[in-house]
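Everything below belongs to work-v6.txt, which stores compact mmCIF, C-alpha atoms.
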```txt
# COMPACT_ATOMS: atom_id res chain seq x y z
CA MET A 1 -69.48 115.78 -6.34
CA GLU A 2 -71.46 112.66 -6.98
CA LEU A 3 -71.65 110.26 -4.07
CA TYR A 4 -72.83 106.67 -4.44
CA VAL A 5 -73.57 104.97 -1.13
CA ILE A 6 -73.84 101.20 -1.29
CA ARG A 7 -75.21 99.02 1.49
CA HIS A 8 -73.38 95.72 2.12
CA GLY A 9 -74.87 92.48 0.77
CA GLN A 10 -76.80 90.08 2.99
CA SER A 11 -74.69 89.09 6.01
CA GLU A 12 -75.01 86.08 8.28
CA THR A 13 -76.57 88.21 11.00
CA ASN A 14 -79.13 89.63 8.54
CA VAL A 15 -80.41 86.13 7.84
CA ASP A 16 -80.98 84.89 11.36
CA ARG A 17 -82.12 88.25 12.76
CA ARG A 18 -79.10 88.65 15.00
CA PHE A 19 -77.57 91.98 15.98
CA GLY A 20 -74.73 92.96 13.66
CA GLY A 21 -73.39 96.22 15.05
CA TRP A 22 -69.59 96.21 15.02
CA ALA A 23 -69.32 92.39 14.88
CA GLN A 24 -67.06 90.93 12.22
CA VAL A 25 -69.64 88.83 10.41
CA PRO A 26 -69.19 87.71 6.81
CA LEU A 27 -71.56 87.87 3.83
CA THR A 28 -73.70 84.86 2.98
CA GLU A 29 -73.50 83.26 -0.47
CA LYS A 30 -76.60 85.27 -1.41
CA GLY A 31 -74.97 88.44 -0.09
CA MET A 32 -71.95 87.83 -2.31
CA ASN A 33 -74.20 87.38 -5.33
CA GLN A 34 -76.04 90.61 -4.52
CA ALA A 35 -72.71 92.43 -4.45
CA ARG A 36 -71.71 90.85 -7.79
CA SER A 37 -74.97 92.00 -9.31
CA THR A 38 -74.31 95.55 -8.07
CA HIS A 39 -70.87 95.28 -9.68
CA GLU A 40 -72.61 94.51 -12.99
CA LYS A 41 -74.82 97.59 -12.64
CA LEU A 42 -72.02 99.99 -11.69
CA LYS A 43 -69.12 98.65 -13.74
CA GLY A 44 -69.51 101.29 -16.47
CA ILE A 45 -68.99 104.12 -14.00
CA LYS A 46 -65.62 105.56 -13.10
CA PHE A 47 -65.09 106.39 -9.46
CA ASP A 48 -62.30 108.69 -8.28
CA ARG A 49 -62.24 107.24 -4.76
CA ILE A 50 -63.75 104.27 -3.00
CA ILE A 51 -64.20 104.33 0.75
CA SER A 52 -65.48 101.41 2.82
CA SER A 53 -66.56 100.85 6.39
CA ASP A 54 -63.83 98.76 8.01
CA LEU A 55 -66.26 96.03 9.08
CA LEU A 56 -65.89 92.67 7.34
CA ARG A 57 -69.32 92.59 5.63
CA ALA A 58 -68.69 96.03 4.10
CA LYS A 59 -65.14 95.22 2.99
CA GLN A 60 -66.25 91.94 1.40
CA THR A 61 -68.96 93.88 -0.46
CA THR A 62 -66.45 96.53 -1.59
CA GLU A 63 -64.12 93.87 -2.99
CA LEU A 64 -66.95 92.26 -4.97
CA VAL A 65 -68.53 95.47 -6.26
CA PHE A 66 -65.13 96.99 -7.14
CA PRO A 67 -62.86 93.99 -7.75
CA GLY A 68 -59.17 94.84 -7.90
CA CYS A 69 -59.73 98.50 -7.01
CA VAL A 70 -57.86 100.33 -4.30
CA TYR A 71 -60.06 101.56 -1.48
CA SER A 72 -59.58 103.22 1.87
CA GLU A 73 -61.26 102.22 5.12
CA ASP A 74 -63.01 104.56 7.51
CA ARG A 75 -64.36 103.41 10.85
CA ARG A 76 -66.77 106.34 11.02
CA LEU A 77 -68.85 104.51 8.39
CA ARG A 78 -69.54 101.59 10.72
CA GLU A 79 -73.02 100.41 11.67
CA ILE A 80 -74.37 101.59 15.02
CA ASN A 81 -72.51 100.02 17.94
CA VAL A 82 -75.04 97.86 19.80
CA GLY A 83 -72.53 96.96 22.53
CA ALA A 84 -70.43 93.81 22.73
CA VAL A 85 -72.96 91.95 24.86
CA LEU A 86 -75.56 92.02 22.08
CA GLU A 87 -73.34 91.44 19.05
CA LYS A 88 -74.15 88.26 17.11
CA LYS A 89 -76.99 87.45 19.51
CA CYS A 90 -80.49 86.63 18.36
CA ARG A 91 -82.81 89.62 18.80
CA ILE A 92 -85.76 87.57 20.08
CA ALA A 93 -83.71 85.57 22.62
CA SER A 94 -81.99 88.77 23.76
CA LEU A 95 -85.35 90.43 24.34
CA GLU A 96 -86.27 87.52 26.63
CA GLU A 97 -82.98 87.85 28.46
CA TYR A 98 -82.84 91.64 28.85
CA GLY A 99 -86.55 92.53 28.78
CA GLU A 100 -87.73 96.12 28.98
CA PRO A 101 -84.33 97.89 28.81
CA LEU A 102 -83.56 96.18 25.51
CA ARG A 103 -87.07 96.70 24.15
CA LYS A 104 -86.63 100.42 24.84
CA ALA A 105 -83.12 100.47 23.38
CA MET A 106 -84.39 98.87 20.16
CA GLU A 107 -87.43 101.13 19.94
CA ASN A 108 -85.32 104.28 20.39
CA ARG A 109 -82.31 102.81 18.61
CA ASP A 110 -80.20 103.86 21.58
CA TYR A 111 -77.79 101.20 22.89
CA ARG A 112 -75.90 103.35 25.41
CA ALA A 113 -77.33 101.26 28.27
CA PHE A 114 -75.50 98.29 26.67
CA ASP A 115 -72.25 100.23 26.25
CA GLY A 116 -73.11 100.94 22.64
CA GLU A 117 -74.12 104.08 20.73
CA SER A 118 -77.26 106.11 20.30
CA THR A 119 -78.62 106.98 16.85
CA GLU A 120 -77.38 110.55 17.45
CA ASP A 121 -73.86 109.21 18.14
CA GLN A 122 -73.86 107.42 14.81
CA ILE A 123 -75.29 110.42 12.94
CA ARG A 124 -72.56 112.61 14.48
CA ARG A 125 -69.61 110.45 13.37
CA VAL A 126 -71.08 109.97 9.87
CA ALA A 127 -71.57 113.76 9.69
CA GLU A 128 -67.87 114.17 10.50
CA PHE A 129 -67.07 111.88 7.59
CA MET A 130 -69.38 113.90 5.32
CA ASP A 131 -67.80 117.18 6.49
CA ASP A 132 -64.41 115.81 5.44
CA LEU A 133 -65.74 115.27 1.89
CA ALA A 134 -65.85 119.07 1.59
CA ALA A 135 -62.13 118.91 0.76
CA ILE A 136 -62.84 116.80 -2.34
CA PRO A 137 -63.37 118.70 -5.63
CA ASP A 138 -66.93 119.03 -6.97
CA ASP A 139 -66.12 117.16 -10.17
CA GLU A 140 -65.18 113.88 -8.45
CA ARG A 141 -67.33 110.78 -8.15
CA ILE A 142 -67.01 108.84 -4.91
CA ALA A 143 -68.29 105.43 -3.84
CA VAL A 144 -68.89 104.59 -0.20
CA VAL A 145 -69.75 101.09 1.02
CA CYS A 146 -71.36 100.87 4.43
CA HIS A 147 -74.43 99.87 6.42
CA GLU A 148 -78.13 100.70 6.59
CA GLY A 149 -77.63 102.85 9.71
CA SER A 150 -74.76 104.76 8.10
CA LEU A 151 -76.82 105.28 4.95
CA PHE A 152 -79.67 106.57 7.13
CA SER A 153 -77.18 108.97 8.77
CA VAL A 154 -76.02 110.25 5.36
CA LEU A 155 -79.64 110.96 4.42
CA CYS A 156 -80.20 112.91 7.66
CA TYR A 157 -77.03 114.90 6.90
CA VAL A 158 -78.07 115.69 3.33
CA LEU A 159 -81.63 116.72 4.22
CA GLY A 160 -80.47 118.55 7.33
CA VAL A 161 -83.17 116.90 9.41
CA GLN A 162 -83.28 114.15 12.01
CA LEU A 163 -85.38 111.36 10.56
CA LYS A 164 -86.70 108.38 12.45
CA TYR A 165 -84.93 105.15 11.61
CA HIS A 166 -88.11 103.16 10.97
CA GLN A 167 -89.22 105.69 8.32
CA ILE A 168 -86.76 104.46 5.72
CA GLU A 169 -85.40 101.22 4.33
CA ALA A 170 -82.51 100.30 2.03
CA GLY A 171 -81.97 96.82 0.60
CA ASN A 172 -78.78 94.74 0.75
CA ALA A 173 -76.26 95.82 -1.93
CA SER A 174 -78.58 98.63 -3.07
CA TYR A 175 -77.11 102.00 -3.96
CA SER A 176 -78.32 105.50 -3.21
CA ARG A 177 -77.00 108.61 -4.91
CA PHE A 178 -76.28 112.07 -3.59
CA LYS A 179 -74.88 115.17 -5.23
CA ARG A 180 -73.05 118.21 -3.90
CA GLN A 181 -73.09 121.37 -5.97
CA ASN A 182 -71.85 124.76 -4.75
CA GLY A 183 -71.80 123.42 -1.22
CA VAL A 184 -75.41 122.21 -1.31
CA TRP A 185 -76.20 118.51 -0.93
CA LYS A 186 -79.08 116.83 -2.71
CA LEU A 187 -80.68 113.40 -2.64
CA VAL A 188 -80.62 112.09 -6.21
CA SER A 189 -81.97 108.59 -5.61
CA TRP A 190 -82.60 106.17 -2.76
CA ASN A 191 -82.31 102.39 -2.72
CA GLU A 192 -81.80 101.80 -6.43
CA GLY A 193 -80.95 98.52 -8.04
CA SER A 194 -83.72 96.33 -6.68
CA LEU A 195 -86.80 97.09 -8.80
CA MET B 196 -100.02 98.80 0.94
CA GLU B 197 -97.31 99.52 -1.55
CA LEU B 198 -97.41 102.85 -3.35
CA TYR B 199 -95.47 103.33 -6.59
CA VAL B 200 -95.18 106.98 -7.56
CA ILE B 201 -94.06 107.93 -11.05
CA ARG B 202 -93.07 111.41 -12.12
CA HIS B 203 -94.27 112.43 -15.57
CA GLY B 204 -91.86 112.17 -18.51
CA GLN B 205 -90.08 115.22 -19.89
CA SER B 206 -92.58 117.92 -20.89
CA GLU B 207 -92.07 120.71 -23.41
CA ALA B 208 -91.92 123.17 -20.50
CA ASN B 209 -89.17 121.03 -18.85
CA LEU B 210 -87.18 121.09 -22.07
CA GLU B 211 -87.55 124.81 -22.69
CA GLY B 212 -86.98 125.89 -19.08
CA ARG B 213 -90.52 127.21 -18.72
CA PHE B 214 -92.65 127.35 -15.60
CA SER B 215 -95.47 124.91 -15.96
CA GLY B 216 -97.46 124.53 -12.73
CA TRP B 217 -101.02 123.79 -13.80
CA SER B 218 -100.50 124.57 -17.50
CA PRO B 219 -101.22 121.87 -20.11
CA SER B 220 -97.67 121.46 -21.47
CA PRO B 221 -97.50 118.10 -23.33
CA LEU B 222 -94.73 115.46 -23.24
CA THR B 223 -91.83 115.72 -25.66
CA GLU B 224 -90.74 112.80 -27.83
CA LEU B 225 -88.12 111.96 -25.16
CA GLY B 226 -90.76 112.23 -22.43
CA ARG B 227 -92.93 109.68 -24.24
CA ALA B 228 -89.97 107.31 -24.61
CA GLN B 229 -89.13 107.69 -20.90
CA ALA B 230 -92.72 106.81 -19.98
CA GLU B 231 -92.71 103.79 -22.26
CA LYS B 232 -89.48 102.58 -20.69
CA THR B 233 -90.94 102.91 -17.21
CA GLY B 234 -93.97 100.96 -18.45
CA GLU B 235 -91.60 98.16 -19.53
CA ARG B 236 -89.94 98.12 -16.12
CA LEU B 237 -93.25 97.92 -14.26
CA LYS B 238 -95.09 95.51 -16.52
CA GLY B 239 -94.44 92.51 -14.26
CA LEU B 240 -96.27 94.19 -11.38
CA ARG B 241 -100.02 94.07 -10.92
CA PHE B 242 -101.57 97.31 -9.69
CA ASP B 243 -104.93 97.33 -7.93
CA ARG B 244 -105.60 101.02 -8.55
CA ILE B 245 -104.00 103.72 -10.67
CA TYR B 246 -104.31 107.43 -9.96
CA SER B 247 -103.04 110.31 -12.05
CA SER B 248 -102.80 114.04 -11.69
CA ASP B 249 -105.37 115.51 -14.10
CA THR B 250 -102.75 117.72 -15.81
CA CYS B 251 -101.93 116.84 -19.44
CA ARG B 252 -98.29 115.73 -18.98
CA ALA B 253 -99.26 113.38 -16.13
CA ARG B 254 -102.23 111.86 -17.98
CA GLN B 255 -100.13 111.30 -21.09
CA THR B 256 -97.51 109.57 -18.91
CA THR B 257 -100.16 107.43 -17.22
CA GLU B 258 -101.56 106.32 -20.57
CA LEU B 259 -98.08 105.32 -21.78
CA VAL B 260 -96.90 103.59 -18.59
CA PHE B 261 -100.20 101.77 -18.02
CA SER B 262 -101.52 101.62 -21.56
CA GLY B 263 -105.11 100.43 -21.77
CA CYS B 264 -105.60 100.50 -17.99
CA GLU B 265 -108.33 102.45 -16.26
CA TYR B 266 -107.23 105.21 -13.94
CA THR B 267 -108.71 107.89 -11.72
CA ALA B 268 -107.70 111.51 -12.30
CA ASP B 269 -107.30 113.52 -9.08
CA TRP B 270 -106.58 117.25 -9.12
CA ARG B 271 -104.96 117.11 -5.65
CA LEU B 272 -101.93 115.48 -7.31
CA ARG B 273 -101.22 118.53 -9.48
CA GLU B 274 -97.93 120.39 -9.46
CA ILE B 275 -97.75 123.58 -7.41
CA ASN B 276 -99.79 126.38 -9.01
CA VAL B 277 -97.31 129.08 -10.01
CA GLY B 278 -100.06 131.54 -10.99
CA PRO B 279 -101.09 132.89 -14.42
CA ASP B 280 -98.19 135.36 -14.79
CA LEU B 281 -95.44 132.74 -14.66
CA ALA B 282 -97.10 129.72 -16.28
CA GLU B 283 -95.67 128.80 -19.67
CA ARG B 284 -93.03 131.55 -19.60
CA THR B 285 -89.29 130.87 -19.42
CA ARG B 286 -87.48 131.26 -16.14
CA THR B 287 -84.99 133.66 -17.71
CA GLU B 288 -87.74 135.94 -19.01
CA CYS B 289 -89.58 135.92 -15.65
CA MET B 290 -86.36 136.55 -13.74
CA ALA B 291 -85.65 139.59 -15.89
CA GLN B 292 -89.11 140.94 -15.15
CA TYR B 293 -89.50 140.10 -11.45
CA GLY B 294 -85.93 139.77 -10.14
CA ASP B 295 -85.65 139.45 -6.37
CA VAL B 296 -89.39 139.06 -5.86
CA LEU B 297 -89.27 135.91 -7.95
CA SER B 298 -86.00 134.65 -6.39
CA ASP B 299 -87.63 135.01 -3.02
CA ALA B 300 -90.80 133.21 -4.17
CA LEU B 301 -88.69 130.37 -5.62
CA GLY B 302 -86.56 130.12 -2.47
CA ARG B 303 -89.62 129.85 -0.25
CA ARG B 304 -91.57 128.01 -2.92
CA ASP B 305 -94.47 130.39 -2.37
CA PHE B 306 -96.32 131.69 -5.44
CA ILE B 307 -99.24 133.31 -3.61
CA GLY B 308 -97.93 136.75 -4.63
CA PHE B 309 -98.23 135.60 -8.27
CA GLY B 310 -101.79 134.36 -7.84
CA GLY B 311 -100.61 130.77 -7.29
CA GLU B 312 -100.07 128.48 -4.28
CA SER B 313 -97.62 128.10 -1.43
CA TYR B 314 -95.65 124.91 -0.76
CA GLY B 315 -97.79 124.51 2.39
CA GLN B 316 -100.99 124.55 0.33
CA GLN B 317 -99.65 121.93 -2.05
CA MET B 318 -98.56 119.78 0.91
CA GLU B 319 -102.06 120.08 2.37
CA ARG B 320 -103.91 118.84 -0.71
CA VAL B 321 -101.39 116.04 -1.27
CA ALA B 322 -101.75 115.06 2.41
CA SER B 323 -105.53 114.81 2.00
CA PHE B 324 -104.96 112.42 -0.93
CA MET B 325 -102.46 110.35 1.11
CA LYS B 326 -104.86 110.12 4.07
CA GLU B 327 -107.49 108.58 1.80
CA LEU B 328 -105.00 105.96 0.62
CA GLU B 329 -104.60 104.83 4.23
CA ASN B 330 -108.10 103.28 4.00
CA ILE B 331 -107.06 100.97 1.16
CA PRO B 332 -106.51 97.29 2.14
CA GLU B 333 -102.90 96.59 3.13
CA GLU B 334 -102.35 93.91 0.50
CA GLU B 335 -103.03 96.26 -2.41
CA ARG B 336 -100.48 97.83 -4.73
CA ILE B 337 -101.25 101.34 -5.98
CA ALA B 338 -99.71 103.48 -8.70
CA VAL B 339 -99.78 107.26 -8.80
CA VAL B 340 -98.51 109.43 -11.66
CA CYS B 341 -97.81 113.05 -10.81
CA HIS B 342 -95.19 115.81 -10.53
CA GLY B 343 -91.91 116.64 -8.78
CA GLY B 344 -93.52 118.94 -6.24
CA SER B 345 -96.31 116.48 -5.51
CA VAL B 346 -93.83 113.65 -4.87
CA VAL B 347 -91.74 115.83 -2.54
CA SER B 348 -95.00 116.71 -0.74
CA MET B 349 -95.77 112.98 -0.41
CA LEU B 350 -92.34 112.39 1.10
CA GLY B 351 -93.01 115.25 3.53
CA TYR B 352 -96.26 113.56 4.54
CA VAL B 353 -94.55 110.17 4.95
CA LEU B 354 -91.70 111.58 7.06
CA GLY B 355 -93.95 114.02 8.93
CA MET B 356 -91.90 117.09 8.05
CA ARG B 357 -91.47 119.84 5.51
CA ILE B 358 -88.76 118.62 3.13
CA PRO B 359 -86.36 121.35 1.95
CA HIS B 360 -87.24 121.42 -1.72
CA ASN B 361 -83.77 122.23 -2.99
CA SER B 362 -82.38 119.08 -1.30
CA MET B 363 -84.29 116.81 -3.62
CA GLN B 364 -83.83 115.74 -7.21
CA LEU B 365 -86.45 113.68 -9.02
CA GLU B 366 -85.92 112.42 -12.55
CA ASN B 367 -88.59 112.39 -15.24
CA ALA B 368 -90.49 109.07 -15.35
CA SER B 369 -88.58 107.80 -12.29
CA VAL B 370 -90.16 105.49 -9.72
CA THR B 371 -90.45 106.30 -6.02
CA CYS B 372 -91.91 103.75 -3.57
CA PHE B 373 -93.58 104.06 -0.20
CA ARG B 374 -95.15 101.43 2.02
CA TYR B 375 -98.04 101.86 4.46
CA LEU B 376 -98.20 99.05 7.02
CA ASN B 377 -99.67 98.88 10.54
CA GLY B 378 -100.38 102.60 10.50
CA ASN B 379 -96.82 103.61 9.51
CA TRP B 380 -95.43 105.02 6.28
CA LYS B 381 -91.96 104.22 5.05
CA LEU B 382 -89.76 105.44 2.18
CA LEU B 383 -88.51 102.44 0.18
CA LYS B 384 -87.16 104.05 -2.96
CA TRP B 385 -86.56 107.50 -4.39
CA SER B 386 -86.23 108.41 -8.06
CA ASP B 387 -85.19 104.99 -9.37
CA THR B 388 -84.66 105.29 -13.11
CA GLY B 389 -83.31 101.79 -13.57
CA ASP B 390 -80.64 103.35 -15.69
CA ILE B 391 -77.76 104.99 -13.91
CA PHE B 392 -76.74 106.76 -17.08
CA ALA B 393 -80.06 108.56 -17.37
CA GLY B 394 -79.55 112.28 -17.39
CA GLU B 395 -75.85 112.06 -18.21
```

Encoded form (C-alpha cells):
Amino acid sequence: MELYVIRHGQSETNVDRRFGGWAQVPLTEKGMNQARSTHEKLKGIKFDRIISSDLLRAKQTTELVFPGCVYSEDRRLREINVGAVLEKKCRIASLEEYGEPLRKAMENRDYRAFDGESTEDQIRRVAEFMDDLAAIPDDERIAVVCHEGSLFSVLCYVLGVQLKYHQIEAGNASYSRFKRQNGVWKLVSWNEGSL
Amino acid sequence: MELYVIRHGQSEANLEGRFSGWSPSPLTELGRAQAEKTGERLKGLRFDRIYSSDTCRARQTTELVFSGCEYTADWRLREINVGPDLAERTRTECMAQYGDVLSDALGRRDFIGFGGESYGQQMERVASFMKELENIPEEERIAVVCHGGSVVSMLGYVLGMRIPHNSMQLENASVTCFRYLNGNWKLLKWSDTGDIFAGE
C-alpha cells in the first residue's frame, strides 16, 4: 500500500502563533493556495481512498487538494488536543498567563495538565488508525490529510521508534509518502512539494 | 546551517542488482540524467561548501549536479564496505553461495564476517563528519553527495538513534535536508525527487 500523508495548508492559528489543537479554525487565503498547488502536483495520481482529519483546516485542505472527491473523516487523525483553555490563544500571552506549567507542557508537548493530551496519547490514537489500514489491500493507494502532529505520529509508527517532536518539521500542504509491503512499513519521502 | 544531502544517481551496480559498497561502479545513462535533473532543481540555491564521498558514482554525481564547482572529497561519506567477496557481484549469485550467512549479514547490516564493515562502524564515521559540520557558521548552506547507507546514518545521527535500515527508502539523486540551529539538528525533508512519478 502506498500512503500519502498531506499536512493542511496554512491556518489562521499558524499565522498568529496561536494554539490550534482541536479548534475549528479555517485556512488563510495563502493556505488555500498552498492546497491548490498540492492539487496541481498530485492530480495525476489515482487514490483508492481519501481520509481526512475531521477538523475544519484539514477538511478545507482535503476539498481543495481533491476537489469533488468523496472522502471519509476520522477523528483519530486530529492534531494534539491542547485543552479548551488554550485553543485559539496566543502562545506568548498564554505563557505570561500560565507561566511554568505551560512552559513545561510546551517543552514536553504534554497538555494533560490543561485537560488536553500528551504526545504519547496522540501517537497511540494515530497508531490505532494505522493498525486499521492493515485491512486494506497492499495494491491500494491512500491519501490522508491531517496535521503536523499526526504526521509526526505516523512517522513514529512507521519507524517503530519514539521520536522527539522538535526533531522533525513538515510544511503546510506538503506531502510525505509511506509504503507497506508484506506487512513492513517504510518511509519513502518526507515533506515533499516545497523545494 | 542548512544541509542538503543528495544520493548518487543510478549506478551500474544498482541497475544490475550488484553489491557495490566501496567499489568504483560508474553511473548509468539514467543515473547521469537523474543527476542533471537534480542540478536543475538546485540551481537557484547558493551553496557555501560542497562535499562528496570519494567513490566514483558519488563524484560523478557531484560533478553533474554542481558542474564546475569546487568540492571536497571525504572518505567518511562512503557507502558501507561490504568486503571484497561481495563487491561487484550480483545479490542472486552471492545468495546462492552464502545463503543464511548472507541473509543474516544483510538483516543486521553487518559485513564484518565478509571483511567489510558493520552498520555501527559506518554510523561512527558519518557521525564524525556530521560533528565537524556543527562548527560551520549557522548562516551557511552546505551540500553533500553520498550514498543510501550514509544518508540513513546521517538521519540516525540527527535523531540520536539507530534507524532500522529496512524502514527507509531513498531514491537515486533525491534530496534530503537537515537543519542545524542553536545546537539542535532537525529533519526537514527526506528523499524529495521533485517528481512523484519517479520510480514508477

Fewer than 2 positions away in the same chain doesn't count, so skip those; otherwise give me all residues within 9 Å of Trp22 of chain A, counting only C-alpha atoms, as a PyMOL selection string. chain A and resi 20+24-25+55+78-84+87

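Considering the residues A:Ala35, A:Ala105, A:Ile51, A:Ala135 and counting only C-alpha atoms, Arg75 of chain A has its shortest atom-to-atom contact with A:Ile51.
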
Pick from A:Leu42, A:Ala23, A:Ala58, A:Ile92 nearest to Ser150 of chain A, counting all atoms listed in the file: A:Ala58

Quick one: residues within 6 Å of Val260 of chain B, only C-alpha atoms, excluding same-chain residues fewer than 6 positions away - as a PyMOL selection string? chain B and resi 230-231+234

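Residues of chain A lying within 6 Å of chain B, counting only C-alpha atoms, are Gln167, Ile168, Glu169, Lys186, Leu187, Val188, Ser189, Trp190, Asn191 and Glu192 of chain A.
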
Atom CA of Arg284 of chain B to atom CA of Gly343 of chain B measures 18.5 Å

Within 12 Å of (-84.1, 121.7, -21.9) in the file's own coordinates, which protein, DNA or RNA residues have an atom, counting all atoms listed in the file? List them as a PDB file with C-alpha atoms, keeping the file's coordinate frame.
```pdb
ATOM      1  CA  GLN B 205     -90.080 115.220 -19.890  1.00  0.00           C
ATOM      2  CA  SER B 206     -92.580 117.920 -20.890  1.00  0.00           C
ATOM      3  CA  GLU B 207     -92.070 120.710 -23.410  1.00  0.00           C
ATOM      4  CA  ALA B 208     -91.920 123.170 -20.500  1.00  0.00           C
ATOM      5  CA  ASN B 209     -89.170 121.030 -18.850  1.00  0.00           C
ATOM      6  CA  LEU B 210     -87.180 121.090 -22.070  1.00  0.00           C
ATOM      7  CA  GLU B 211     -87.550 124.810 -22.690  1.00  0.00           C
ATOM      8  CA  GLY B 212     -86.980 125.890 -19.080  1.00  0.00           C
ATOM      9  CA  ARG B 213     -90.520 127.210 -18.720  1.00  0.00           C
ATOM     10  CA  THR B 223     -91.830 115.720 -25.660  1.00  0.00           C
ATOM     11  CA  LEU B 225     -88.120 111.960 -25.160  1.00  0.00           C
ATOM     12  CA  GLY B 226     -90.760 112.230 -22.430  1.00  0.00           C
ATOM     13  CA  THR B 285     -89.290 130.870 -19.420  1.00  0.00           C
ATOM     14  CA  ARG B 286     -87.480 131.260 -16.140  1.00  0.00           C
ATOM     15  CA  GLY B 394     -79.550 112.280 -17.390  1.00  0.00           C
TER      16      GLY B 394
END
```

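Checking B:Tyr314, B:His342, B:Leu301, B:Gly294 one by one against Ile201 of chain B, counting all atoms listed in the file, you find the shortest gap at B:His342.
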
Which one is closest to Ile245 of chain B: B:Ala368, B:Cys341, B:Ala228, B:Leu297? Count all atoms listed in the file. B:Cys341

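Residues with any atom within 12 Å of the point (-101.1, 138.7, -4.4), counting all atoms listed in the file, are Val277, Gly278, Pro279, Asp280, Val296, Ala300, Asp305, Phe306, Ile307, Gly308, Phe309, Gly310, Gly311, Glu312 and Ser313 of chain B.
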
Hey, what's within 8 Å of Arg244 of chain B if we count all atoms listed in the file and toss same-chain stuff fewer than 3 positions away? As a PyMOL selection string, please? chain B and resi 266+336-338

Lys89 of chain A environment, 10 Å, all atoms listed in the file, sequence neighbours closer than 3 positions dropped, as a PyMOL selection string: chain A and resi 13+16-20+84-86+92-94

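Neighbouring residues of Asn367 of chain B at 7 Å or closer, counting all atoms listed in the file and skipping chain neighbours under 3 positions away, are Arg202, His203, Gly204 and Gln205 of chain B.
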
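The interatomic distance for the pair atom CA of Arg124 of chain A and atom CA of Leu350 of chain B works out to 23.9 Å.
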
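Counting only C-alpha atoms and comparing B:Val340, B:Ile275, B:Leu281, B:Cys251, the residue that lies closest to Thr233 of chain B is B:Val340.
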
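Between atom CA of Val154 of chain A and atom CA of Glu73 of chain A there is a distance of 16.8 Å.
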
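Remark: for Glu235 of chain B, the closest of the candidate residues B:Asp269, B:Lys326, B:Leu259, B:Gly315 is B:Leu259 (distances computed over all atoms listed in the file).
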
All heavy atoms modelled onto segment 186-190 of chain A, as a PDB file, in the coordinates of the input:
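Output (selection09.pdb):
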```pdb
ATOM      1  N   LYS A 186     -77.765 117.248  -2.238  1.00  0.00           N
ATOM      2  CA  LYS A 186     -79.080 116.830  -2.710  1.00  0.00           C
ATOM      3  C   LYS A 186     -79.192 115.316  -2.690  1.00  0.00           C
ATOM      4  O   LYS A 186     -78.210 114.631  -2.964  1.00  0.00           O
ATOM      5  CB  LYS A 186     -79.267 117.241  -4.183  1.00  0.00           C
ATOM      6  CG  LYS A 186     -79.887 118.580  -4.373  1.00  0.00           C
ATOM      7  CD  LYS A 186     -80.103 118.821  -5.854  1.00  0.00           C
ATOM      8  CE  LYS A 186     -80.280 120.304  -6.047  1.00  0.00           C
ATOM      9  NZ  LYS A 186     -81.369 120.691  -6.893  1.00  0.00           N
ATOM     10  N   LEU A 187     -80.404 114.819  -2.439  1.00  0.00           N
ATOM     11  CA  LEU A 187     -80.680 113.400  -2.640  1.00  0.00           C
ATOM     12  C   LEU A 187     -81.059 113.207  -4.098  1.00  0.00           C
ATOM     13  O   LEU A 187     -81.990 113.840  -4.598  1.00  0.00           O
ATOM     14  CB  LEU A 187     -81.837 112.933  -1.752  1.00  0.00           C
ATOM     15  CG  LEU A 187     -82.336 111.514  -2.036  1.00  0.00           C
ATOM     16  CD1 LEU A 187     -81.304 110.457  -1.651  1.00  0.00           C
ATOM     17  CD2 LEU A 187     -83.645 111.231  -1.322  1.00  0.00           C
ATOM     18  N   VAL A 188     -80.334 112.349  -4.805  1.00  0.00           N
ATOM     19  CA  VAL A 188     -80.620 112.090  -6.210  1.00  0.00           C
ATOM     20  C   VAL A 188     -81.481 110.831  -6.342  1.00  0.00           C
ATOM     21  O   VAL A 188     -82.433 110.777  -7.111  1.00  0.00           O
ATOM     22  CB  VAL A 188     -79.320 111.947  -7.029  1.00  0.00           C
ATOM     23  CG1 VAL A 188     -79.609 111.571  -8.467  1.00  0.00           C
ATOM     24  CG2 VAL A 188     -78.521 113.239  -6.955  1.00  0.00           C
ATOM     25  N   SER A 189     -81.139 109.793  -5.584  1.00  0.00           N
ATOM     26  CA  SER A 189     -81.970 108.590  -5.610  1.00  0.00           C
ATOM     27  C   SER A 189     -81.743 107.815  -4.320  1.00  0.00           C
ATOM     28  O   SER A 189     -80.709 107.983  -3.656  1.00  0.00           O
ATOM     29  CB  SER A 189     -81.617 107.710  -6.809  1.00  0.00           C
ATOM     30  OG  SER A 189     -80.349 107.110  -6.620  1.00  0.00           O
ATOM     31  N   TRP A 190     -82.698 106.976  -3.979  1.00  0.00           N
ATOM     32  CA  TRP A 190     -82.600 106.170  -2.760  1.00  0.00           C
ATOM     33  C   TRP A 190     -82.916 104.726  -3.100  1.00  0.00           C
ATOM     34  O   TRP A 190     -83.935 104.450  -3.744  1.00  0.00           O
ATOM     35  CB  TRP A 190     -83.607 106.701  -1.702  1.00  0.00           C
ATOM     36  CG  TRP A 190     -83.559 105.931  -0.431  1.00  0.00           C
ATOM     37  CD1 TRP A 190     -84.410 104.921  -0.048  1.00  0.00           C
ATOM     38  CD2 TRP A 190     -82.598 106.058   0.628  1.00  0.00           C
ATOM     39  NE1 TRP A 190     -84.034 104.439   1.174  1.00  0.00           N
ATOM     40  CE2 TRP A 190     -82.949 105.114   1.622  1.00  0.00           C
ATOM     41  CE3 TRP A 190     -81.492 106.896   0.829  1.00  0.00           C
ATOM     42  CZ2 TRP A 190     -82.203 104.975   2.799  1.00  0.00           C
ATOM     43  CZ3 TRP A 190     -80.765 106.755   1.999  1.00  0.00           C
ATOM     44  CH2 TRP A 190     -81.123 105.810   2.969  1.00  0.00           C
TER      45      TRP A 190
END
```
